[in-house]
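Student: input_0.pdb (PDB, C-alpha atoms) pasted underneath:
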ATOM      1  CA  MET B   1       0.000   0.000   0.000
ATOM      2  CA  ASP B   2       1.123   3.554  -0.735
ATOM      3  CA  ILE B   3       0.982   6.249   1.959
ATOM      4  CA  LYS B   4       1.602   9.862   1.026
ATOM      5  CA  ILE B   5       3.546  11.625   3.766
ATOM      6  CA  ASP B   6       4.190  15.305   4.365
ATOM      7  CA  LYS B   7       4.669  17.522   7.420
ATOM      8  CA  HIS B   8       0.930  17.397   8.137
ATOM      9  CA  THR B   9       0.768  13.593   8.405
ATOM     10  CA  ALA B  10       1.509  11.139  11.219
ATOM     11  CA  LEU B  11       1.896   7.395  11.324
ATOM     12  CA  VAL B  12       0.881   6.118  14.746
ATOM     13  CA  PHE B  13       1.530   2.549  15.856
ATOM     14  CA  ASP B  14       0.467   0.035  18.419
ATOM     15  CA  LEU B  15       3.575  -1.705  19.766
ATOM     16  CA  ASP B  16       3.213  -5.356  20.775
ATOM     17  CA  ASP B  17       2.744  -7.741  17.835
ATOM     18  CA  THR B  18       2.504  -4.729  15.529
ATOM     19  CA  LEU B  19       6.090  -3.454  15.357
ATOM     20  CA  TYR B  20       7.727  -6.629  16.681
ATOM     21  CA  ASN B  21       6.831 -10.149  17.826
ATOM     22  CA  GLU B  22       5.762 -10.018  21.485
ATOM     23  CA  LEU B  23       6.648 -13.687  21.896
ATOM     24  CA  GLU B  24      10.290 -12.645  21.495
ATOM     25  CA  PHE B  25       9.906 -10.293  24.464
ATOM     26  CA  LEU B  26       8.520 -13.151  26.537
ATOM     27  CA  LYS B  27      11.433 -15.397  25.560
ATOM     28  CA  SER B  28      13.910 -12.631  26.356
ATOM     29  CA  ALA B  29      12.385 -12.141  29.804
ATOM     30  CA  TYR B  30      12.313 -15.864  30.571
ATOM     31  CA  TRP B  31      15.953 -16.154  29.545
ATOM     32  CA  GLU B  32      16.932 -13.266  31.838
ATOM     33  CA  ILE B  33      15.077 -14.848  34.758
ATOM     34  CA  CYS B  34      16.507 -18.304  34.139
ATOM     35  CA  PHE B  35      20.041 -16.957  33.773
ATOM     36  CA  ASN B  36      19.732 -15.142  37.107
ATOM     37  CA  LEU B  37      18.506 -18.306  38.820
ATOM     38  CA  LYS B  38      20.691 -20.979  37.221
ATOM     39  CA  PRO B  39      23.431 -19.499  35.022
ATOM     40  CA  LYS B  40      25.367 -22.761  34.661
ATOM     41  CA  ASP B  41      22.398 -24.620  33.193
ATOM     42  CA  VAL B  42      20.343 -21.790  31.768
ATOM     43  CA  TYR B  43      19.532 -23.606  28.518
ATOM     44  CA  THR B  44      17.868 -26.528  30.258
ATOM     45  CA  LEU B  45      15.895 -24.331  32.632
ATOM     46  CA  PHE B  46      14.813 -21.929  29.886
ATOM     47  CA  ASN B  47      13.580 -24.735  27.638
ATOM     48  CA  PHE B  48      11.584 -26.261  30.483
ATOM     49  CA  VAL B  49      10.085 -22.910  31.524
ATOM     50  CA  PHE B  50       9.118 -22.031  27.959
ATOM     51  CA  SER B  51       7.553 -25.469  27.596
ATOM     52  CA  LEU B  52       5.466 -24.796  30.706
ATOM     53  CA  TYR B  53       4.224 -21.565  29.129
ATOM     54  CA  ARG B  54       3.385 -23.235  25.809
ATOM     55  CA  ASN B  55       1.375 -25.857  27.672
ATOM     56  CA  GLY B  56      -0.687 -23.325  29.595
ATOM     57  CA  LYS B  57       1.131 -23.738  32.904
ATOM     58  CA  ASN B  58       2.390 -20.968  35.188
ATOM     59  CA  PRO B  59       6.194 -20.659  34.841
ATOM     60  CA  PHE B  60       6.390 -18.053  37.593
ATOM     61  CA  LEU B  61       4.735 -20.354  40.106
ATOM     62  CA  TYR B  62       7.136 -23.174  39.202
ATOM     63  CA  LEU B  63      10.211 -20.936  39.455
ATOM     64  CA  SER B  64       9.035 -19.394  42.710
ATOM     65  CA  GLU B  65       8.474 -22.763  44.361
ATOM     66  CA  THR B  66      11.627 -24.394  42.951
ATOM     67  CA  PHE B  67      14.063 -21.580  43.735
ATOM     68  CA  CYS B  68      12.283 -20.046  46.756
ATOM     69  CA  VAL B  69      11.976 -16.668  45.050
ATOM     70  CA  PRO B  70       8.920 -14.393  45.471
ATOM     71  CA  ILE B  71       6.755 -14.290  42.349
ATOM     72  CA  GLU B  72       6.749 -10.493  42.496
ATOM     73  CA  GLN B  73      10.545 -10.505  42.160
ATOM     74  CA  LEU B  74      10.306 -12.673  39.049
ATOM     75  CA  LEU B  75       7.597 -10.446  37.588
ATOM     76  CA  ASN B  76       9.721  -7.383  38.262
ATOM     77  CA  THR B  77      12.548  -8.872  36.200
ATOM     78  CA  TYR B  78      10.073  -9.739  33.465
ATOM     79  CA  ARG B  79       8.755  -6.179  33.337
ATOM     80  CA  THR B  80      11.969  -4.201  33.766
ATOM     81  CA  HIS B  81      14.672  -6.162  31.920
ATOM     82  CA  THR B  82      16.216  -4.796  28.738
ATOM     83  CA  PRO B  83      14.692  -7.059  26.081
ATOM     84  CA  LYS B  84      16.491  -8.660  23.161
ATOM     85  CA  ILE B  85      13.951  -7.993  20.424
ATOM     86  CA  LYS B  86      14.018  -6.687  16.869
ATOM     87  CA  PRO B  87      11.480  -4.932  14.624
ATOM     88  CA  PHE B  88       9.465  -6.808  12.044
ATOM     89  CA  PRO B  89      10.919  -6.625   8.505
ATOM     90  CA  GLY B  90      10.196  -3.278   6.872
ATOM     91  CA  VAL B  91       9.471  -1.341  10.084
ATOM     92  CA  LEU B  92      12.741   0.565  10.233
ATOM     93  CA  ASN B  93      12.551   1.479   6.557
ATOM     94  CA  VAL B  94       9.017   2.868   6.944
ATOM     95  CA  ILE B  95      10.124   4.944   9.933
ATOM     96  CA  LYS B  96      13.176   6.231   8.063
ATOM     97  CA  GLU B  97      11.095   7.244   5.033
ATOM     98  CA  VAL B  98       8.481   9.007   7.169
ATOM     99  CA  LYS B  99      11.149  11.065   8.914
ATOM    100  CA  LYS B 100      12.807  11.825   5.577
ATOM    101  CA  LYS B 101       9.560  13.387   4.361
ATOM    102  CA  ASN B 102       9.092  15.367   7.600
ATOM    103  CA  GLY B 103       6.141  13.294   8.775
ATOM    104  CA  LYS B 104       5.530  12.537  12.447
ATOM    105  CA  LEU B 105       5.570   9.224  14.311
ATOM    106  CA  GLY B 106       3.533   8.186  17.310
ATOM    107  CA  ILE B 107       2.949   5.245  19.617
ATOM    108  CA  ILE B 108      -0.279   4.336  21.419
ATOM    109  CA  THR B 109       0.213   1.225  23.534
ATOM    110  CA  ASP B 110      -1.223  -0.377  26.644
ATOM    111  CA  GLY B 111       1.206  -1.434  29.358
ATOM    112  CA  ARG B 112       3.676  -0.193  31.934
ATOM    113  CA  ILE B 113       5.865   2.824  31.243
ATOM    114  CA  ILE B 114       9.197   1.125  31.944
ATOM    115  CA  THR B 115       8.317  -2.050  30.044
ATOM    116  CA  GLN B 116       7.066  -0.347  26.912
ATOM    117  CA  SER B 117       9.821   2.276  26.952
ATOM    118  CA  ASN B 118      12.495  -0.418  27.205
ATOM    119  CA  LYS B 119      10.946  -2.179  24.210
ATOM    120  CA  LEU B 120      11.035   0.967  22.084
ATOM    121  CA  LYS B 121      14.659   1.596  23.049
ATOM    122  CA  SER B 122      15.652  -1.986  22.244
ATOM    123  CA  LEU B 123      13.920  -1.747  18.875
ATOM    124  CA  GLY B 124      16.078   1.287  18.101
ATOM    125  CA  ILE B 125      13.160   3.649  17.439
ATOM    126  CA  TRP B 126      12.790   5.521  20.736
ATOM    127  CA  GLU B 127      14.517   8.649  19.414
ATOM    128  CA  ASP B 128      12.320   8.716  16.292
ATOM    129  CA  ILE B 129       8.985   8.859  18.143
ATOM    130  CA  ASP B 130       7.384  12.307  18.310
ATOM    131  CA  CYS B 131       4.523  11.340  20.623
ATOM    132  CA  CYS B 132       4.281   8.277  22.875
ATOM    133  CA  ILE B 133       1.105   7.408  24.795
ATOM    134  CA  ILE B 134       1.501   4.531  27.260
ATOM    135  CA  SER B 135      -1.645   3.547  29.132
ATOM    136  CA  GLU B 136      -0.040   3.542  32.602
ATOM    137  CA  SER B 137       1.055   7.155  32.170
ATOM    138  CA  ILE B 138      -2.467   8.457  31.505
ATOM    139  CA  GLY B 139      -4.638   5.990  33.427
ATOM    140  CA  SER B 140      -6.683   4.686  30.491
ATOM    141  CA  GLU B 141      -6.365   1.888  27.951
ATOM    142  CA  LYS B 142      -7.508   1.375  24.402
ATOM    143  CA  PRO B 143     -10.132   1.695  23.038
ATOM    144  CA  ASN B 144     -10.607   4.881  25.112
ATOM    145  CA  LEU B 145     -10.791   7.924  22.839
ATOM    146  CA  LYS B 146      -8.606   9.824  25.316
ATOM    147  CA  ASN B 147      -5.504   7.901  24.289
ATOM    148  CA  PHE B 148      -5.923   8.934  20.658
ATOM    149  CA  LYS B 149      -7.087  12.489  21.300
ATOM    150  CA  LEU B 150      -3.905  13.112  23.283
ATOM    151  CA  VAL B 151      -1.923  12.396  20.124
ATOM    152  CA  GLU B 152      -4.058  14.874  18.172
ATOM    153  CA  GLU B 153      -3.609  17.514  20.875
ATOM    154  CA  ASP B 154       0.145  17.013  20.889
ATOM    155  CA  LEU B 155       0.893  16.770  17.177
ATOM    156  CA  LYS B 156      -1.901  18.994  15.795
ATOM    157  CA  LEU B 157      -1.815  17.526  12.291
ATOM    158  CA  ASN B 158      -4.331  16.979   9.503
ATOM    159  CA  THR B 159      -3.944  13.287   8.730
ATOM    160  CA  TYR B 160      -3.333  10.260  10.945
ATOM    161  CA  TYR B 161      -2.746   6.589  10.164
ATOM    162  CA  TYR B 162      -3.015   3.992  12.915
ATOM    163  CA  PHE B 163      -1.387   0.570  12.622
ATOM    164  CA  GLY B 164      -2.524  -2.157  15.007
ATOM    165  CA  ASP B 165      -2.991  -5.897  15.325
ATOM    166  CA  ASN B 166      -5.811  -6.268  17.860
ATOM    167  CA  PHE B 167      -9.114  -6.233  16.006
ATOM    168  CA  LYS B 168     -11.082  -6.106  19.258
ATOM    169  CA  LYS B 169      -9.771  -2.763  20.484
ATOM    170  CA  ASP B 170      -7.157  -1.117  18.254
ATOM    171  CA  PHE B 171      -9.424   0.419  15.617
ATOM    172  CA  ILE B 172     -12.528   1.516  17.547
ATOM    173  CA  ALA B 173     -11.240   4.948  18.553
ATOM    174  CA  PRO B 174      -9.306   5.886  15.394
ATOM    175  CA  LEU B 175     -12.312   4.994  13.238
ATOM    176  CA  VAL B 176     -14.497   7.286  15.361
ATOM    177  CA  LEU B 177     -11.942  10.093  14.985
ATOM    178  CA  GLY B 178     -11.668   9.681  11.218
ATOM    179  CA  TRP B 179      -8.125   8.313  11.175
ATOM    180  CA  HIS B 180      -6.930   5.970   8.473
ATOM    181  CA  THR B 181      -6.524   2.456   9.853
ATOM    182  CA  VAL B 182      -4.200  -0.405   8.904
ATOM    183  CA  GLY B 183      -4.460  -3.898  10.346
ATOM    184  CA  VAL B 184      -1.245  -5.884  10.726
ATOM    185  CA  MET B 185      -2.239  -9.500  10.296
ATOM    186  CA  ASP B 186      -1.106 -12.268  12.643
ATOM    187  CA  ASN B 187       1.889 -14.161  11.254
ATOM    188  CA  GLY B 188       0.928 -17.196  13.330
ATOM    189  CA  MET B 189       3.303 -16.323  16.166
ATOM    190  CA  ASN B 190       1.379 -13.594  18.005
ATOM    191  CA  ILE B 191       0.847 -14.090  21.724
ATOM    192  CA  HIS B 192      -2.764 -13.016  21.206
ATOM    193  CA  PRO B 193      -4.313 -13.949  17.833
ATOM    194  CA  ASN B 194      -5.936 -11.205  15.748
ATOM    195  CA  ASN B 195      -9.405 -12.508  16.627
ATOM    196  CA  CYS B 196     -10.713 -10.909  13.459
ATOM    197  CA  ASP B 197     -14.357  -9.942  13.284
ATOM    198  CA  PHE B 198     -14.843  -8.586   9.815
ATOM    199  CA  GLN B 199     -18.266  -7.257  10.790
ATOM    200  CA  LEU B 200     -16.989  -4.760  13.369
ATOM    201  CA  ASN B 201     -14.180  -2.220  13.646
ATOM    202  CA  VAL B 202     -12.740  -3.204  10.275
ATOM    203  CA  PRO B 203      -9.528  -1.337   9.359
ATOM    204  CA  GLU B 204      -9.349   0.244   5.929
ATOM    205  CA  CYS B 205      -6.376  -1.865   4.878
ATOM    206  CA  LEU B 206      -4.770  -5.133   5.903
ATOM    207  CA  ILE B 207      -1.077  -5.937   5.576
ATOM    208  CA  ARG B 208       0.993  -8.979   6.478
ATOM    209  CA  SER B 209       4.287  -7.123   6.507
ATOM    210  CA  PHE B 210       5.562  -3.552   6.664
ATOM    211  CA  GLU B 211       7.466  -4.443   3.520
ATOM    212  CA  GLU B 212       4.118  -3.960   1.764
ATOM    213  CA  VAL B 213       4.076  -0.276   2.804
ATOM    214  CA  SER B 214       5.542   2.348   0.470
ATOM    215  CA  ILE B 215       6.026   5.880   1.762
ATOM    216  CA  ILE B 216       5.588   8.340  -1.107
TER     217      ILE B 216
END
Reformat the file's structure so that it appears as structure tokens.

Tutor:
Amino acid sequence: MDIKIDKHTALVFDLDDTLYNELEFLKSAYWEICFNLKPKDVYTLFNFVFSLYRNGKNPFLYLSETFCVPIEQLLNTYRTHTPKIKPFPGVLNVIKEVKKKNGKLGIITDGRIITQSNKLKSLGIWEDIDCCIISESIGSEKPNLKNFKLVEEDLKLNTYYYFGDNFKKDFIAPLVLGWHTVGVMDNGMNIHPNNCDFQLNVPECLIRSFEEVSII
């Protein structure tokens, strides 16, 4: 798809499973936790813990009971570690082209400030973002209109595009506000499937990769 960008246009993104694979964040966090608990046999512990997760078990409960560590301590590592993640193919090129044409970039994501900020820094795009709305910082989550209106109030532009992957909540508010909407389809590895309902909250366009996006 072609998107015409100028100084009056912003591309705004969801984060998890839109700009990168959230499963990779989970793996990164589990690895950090397992390394802290059993550095000499981290591979074995990590594989077992990830297997617990894939089978619907609670890895944190297992680790807490096995290593006598409070669950809250494990969760804190999960939330605050510096993740080893990378953007989906095409993301960095889209961001580079938008900036080259003097467009603006935004993030609207649910989650904790430190967790989501660390993700953006690890993805290498933190410095490129002109407006970042993280639910914890404003006390509301998508699909609340407030989260999207704050972007409009900050950037004060004419045209907005919103990219998201969650068909239950990502597109409700931007459709109400008259934004363009782009759905990033599940590649089969998302933590939470798209759960598409093509009767409701349908984005204008669907893509499977940011490599399908041309900034003109």

Student: Can you list what the PyMOL selection byres ((chain B and resi 80) around 10) grabs from this structure, as a PyMOL selection string?

Tutor: chain B and resi 29+75-79+81-83+112-119

Student: Which residues are close to segment 169-182 of chain B, i.e. within 6 Å by all atoms listed in the file, leaving aside same-chain residues fewer than 2 positions away? Reply as a PyMOL selection string.

Tutor: chain B and resi 143+145+160-164+166-167+201+203-206

Student: When you draw a straight line from atom CA of Asn102 of chain B to atom CA of Leu150 of chain B, how long is it in Å?

Tutor: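 Between atom CA of Asn102 of chain B and atom CA of Leu150 of chain B the gap is 20.5 Å.
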
Student: For each of B:Asn93, B:Thr66, B:Asn55, B:Gln73, take the minimum atom-to-atom distance to Phe210 of chain B, counting all atoms listed in the file, then give the residue where this is smallest.

Tutor: B:Asn93

Student: May I ask which of the residues B:Ser28, B:Asn36, B:Thr159, B:Asn58 is the closest one to Ile71 of chain B, counting only C-alpha atoms?

Tutor: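 Of B:Ser28, B:Asn36, B:Thr159, B:Asn58, the one nearest Ile71 of chain B, counting only C-alpha atoms, is B:Asn58.
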
Student: Atom CA of Asp14 of chain B to atom CA of Asp110 of chain B: how many Å, to one decimal?

Tutor: 8.4 Å

Student: Rounded to one decimal place, report the atom CA of Gly90 of chain B-atom CA of Leu23 of chain B distance in Å.

Tutor: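 If I compute the distance from atom CA of Gly90 of chain B to atom CA of Leu23 of chain B, I get 18.6 Å.
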
Student: I'd like to see the residues matched by the PyMOL selection byres ((chain B and resi 64) around 12) on this file, and ideally I'd get them as a ChimeraX atom specification.

Tutor: /B:33-34,37,49,58-63,65-75

Student: Have a look at B:Val94, B:Ile125, B:Leu157, B:Leu26 and name the one nearest to Ile3 of chain B; count all atoms listed in the file.

Tutor: B:Val94

Student: Select, from B:Gly111, B:Asp165, B:Glu127, B:Glu97, the residue with the minimum atom-to-atom distance to Glu141 of chain B, counting all atoms listed in the file.

Tutor: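 Of B:Gly111, B:Asp165, B:Glu127, B:Glu97, the one nearest Glu141 of chain B, counting all atoms listed in the file, is B:Gly111.
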
Student: Determine, counting only C-alpha atoms, every residue of protein, DNA or RNA that lies within 10 Å of (-1.6, 12.4, 10.7) in the file coordinates, then give the result as a CSV table (one decimal) with C-alpha atoms, in the coordinates of the input.

Tutor:
chain,number,residue,atom,x,y,z
B,5,ILE,CA,3.5,11.6,3.8
B,6,ASP,CA,4.2,15.3,4.4
B,7,LYS,CA,4.7,17.5,7.4
B,8,HIS,CA,0.9,17.4,8.1
B,9,THR,CA,0.8,13.6,8.4
B,10,ALA,CA,1.5,11.1,11.2
B,11,LEU,CA,1.9,7.4,11.3
B,12,VAL,CA,0.9,6.1,14.7
B,103,GLY,CA,6.1,13.3,8.8
B,104,LYS,CA,5.5,12.5,12.4
B,105,LEU,CA,5.6,9.2,14.3
B,106,GLY,CA,3.5,8.2,17.3
B,151,VAL,CA,-1.9,12.4,20.1
B,152,GLU,CA,-4.1,14.9,18.2
B,155,LEU,CA,0.9,16.8,17.2
B,156,LYS,CA,-1.9,19.0,15.8
B,157,LEU,CA,-1.8,17.5,12.3
B,158,ASN,CA,-4.3,17.0,9.5
B,159,THR,CA,-3.9,13.3,8.7
B,160,TYR,CA,-3.3,10.3,10.9
B,161,TYR,CA,-2.7,6.6,10.2
B,162,TYR,CA,-3.0,4.0,12.9
B,179,TRP,CA,-8.1,8.3,11.2
B,180,HIS,CA,-6.9,6.0,8.5

Student: Point out the residue among B:Gly56, B:Glu153, B:Lys27, B:Lys4 with the least atom-to-atom distance to Tyr43 of chain B, counting only C-alpha atoms.

Tutor: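 Checking each candidate against Tyr43 of chain B, we get B:Lys27 as the closest.
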
Student: Please provide as a VMD selection string all residues within 12 Å of Leu120 of chain B, with the sequence filter that same-chain residues fewer than 6 positions apart are discarded (counting all atoms listed in the file).

Tutor: chain B and resid 13 to 16 19 to 20 25 82 to 87 92 106 to 109 113 to 114 126 to 129 132 134
